[in-house]
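Undergrad: Following this message is one structure expressed as structure tokens.
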Amino acid sequence: MKKSEKLELINKHSPHTRCVKNFCLAFIFGAVICGVGEGLIYLFSYLGADERSSPMLTTLFFIFLASILTGFGLFDVIAKRAGAGTLVPVTGFSNAVTSEAMDSKSEGIILGVGAKIFTVAGPVILFGITAGVVYGIVLFFYYLFSGGIVVSF
Amino acid sequence: MIITDIILAAVSGGIICALAQLLIDLTKLTPARILVLYVTLGVLIYALGLYEPLYSLFGAGVSLPLIGFGANIGRGVYEAVTNEGAIGILSGGMTSSSAGITLALVMGLTTALIFKSKSKRM
């Protein structure tokens with residue numbers, strides 16, 4: 001093996017190049033999903049959804065799509081390349097819920113699927129909601145003491 | 001302009017995903033921790049009043065990543081506390097995020113009942 005070949009091989013397997021490649025792949029897949037999502041927001045507003053509903057409908061569409069793709073086993077094929085590109089948009093959340101549910105089917109419907117479906121969804125919901133409660137408490141006392149808006153108990 | 005908006009959404013969404021990939025590769029953060037981090041960050045961004053301007057500029061680029069999910073929780077809390085008072089602290093977050101959570105769970109159950117798991121995940 002020549003020295004240049006050796007170097008090439010080292011570069012190919014070094015964490016640094018892999019990191020750059022993953023970074024680019026995540027960017028591309030994330031960009032495609034969000035670009036398509038923006039197009040869908042336009043489509044839903046064109047179809048008559050208001051400013052609040054169209055991004056919500058887009059989010060719901062991707063949750064639906066990711067779940068179906070997970071069912072057919074296609075999501076893993078894409079996610080293997082995309083990494084965080086499909087993990088960070090809501091597709092990753094939906095995939096985690098569905099794949100946990102599918103994998104735990106053998107353990108039963110109630111304590112298998114019913115409990116394990118929350119393996120990833122649970123922490124996300126728990127910490128999201130808790131952060132919301134902290135924000136709510138801060139906001140409530142801000143209103144209470146600033147006196148700008150009168151709040152009731 | 002629709003084309004400019006799509007490009008802005010794609011670039012911003014891509015950057016958010018690429019940053020998460022960098023966090024996974026360079027630190028020991030697992031994907032589940034990234035999801036929790038992004039949702040919590042979304043609530044924080046909304047609380048600081050940054051989400052609305054970001055959304056009007058980047059659209060789906062910030063609403064589709066889990067940051068948007070977190071910001072949605074933040075908006076629910078804001079509206080509920082403003083309109084209903086103290087009860088809103090507890091009811092706001094779940095109210096605004098209920099559609100997404102419900103669809104994910106119902107789809108998860110339905111898909112699991114219909115399809116067979118082929119390979120181990122992640």
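Chain labels A, B, ... are given in the sequence in which chains occur in the structure tokens; within each chain residues are numbered consecutively from 1, and ligands are likewise numbered from 1 in the order shown.
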Residues of chain B near chain A: apply a cut-off of 7 Å, count only C-alpha atoms, and supply the list as JSON, numbers by chain.

TA: {"B": [6, 7, 9, 10, 11, 13, 14, 15, 17, 18, 20, 21, 22, 25, 32, 35, 36, 39, 40, 43, 47, 59, 60, 61, 63, 64, 65, 66, 70, 73, 74, 77, 78, 81, 82, 85, 86, 87, 89, 90, 93, 94, 100, 104, 105, 107, 108, 109, 111, 112, 115, 116, 117, 118, 121]}

Undergrad: Report, in Å to a single decimal, how far apart atom CA of B:Leu54 and atom CA of B:Gly42 are.

TA: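 Computed distance, atom CA of B:Gly42 to atom CA of B:Leu54, equals 11.4 Å.
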
Undergrad: Could you give me, as a PyMOL selection string, each residue of chain A that DSSP assigns to helix (DSSP H, G or I) when run on this structure's backbone?

TA: chain A and resi 3-13+15-46+53-71+74-82+84-87+90-103+105-107+109-116+118-146

Undergrad: For atom CA of B:Thr30 and atom CA of A:Lys21, determine how far apart the two atoms are, in Å to one decimal place.

TA: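 Between atom CA of B:Thr30 and atom CA of A:Lys21 the gap works out to 18.7 Å.
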
Undergrad: If I take atom CA of B:Phe58 and atom CA of B:Ile45, how far is one from the other in Å, to one decimal?

TA: 14.3 Å
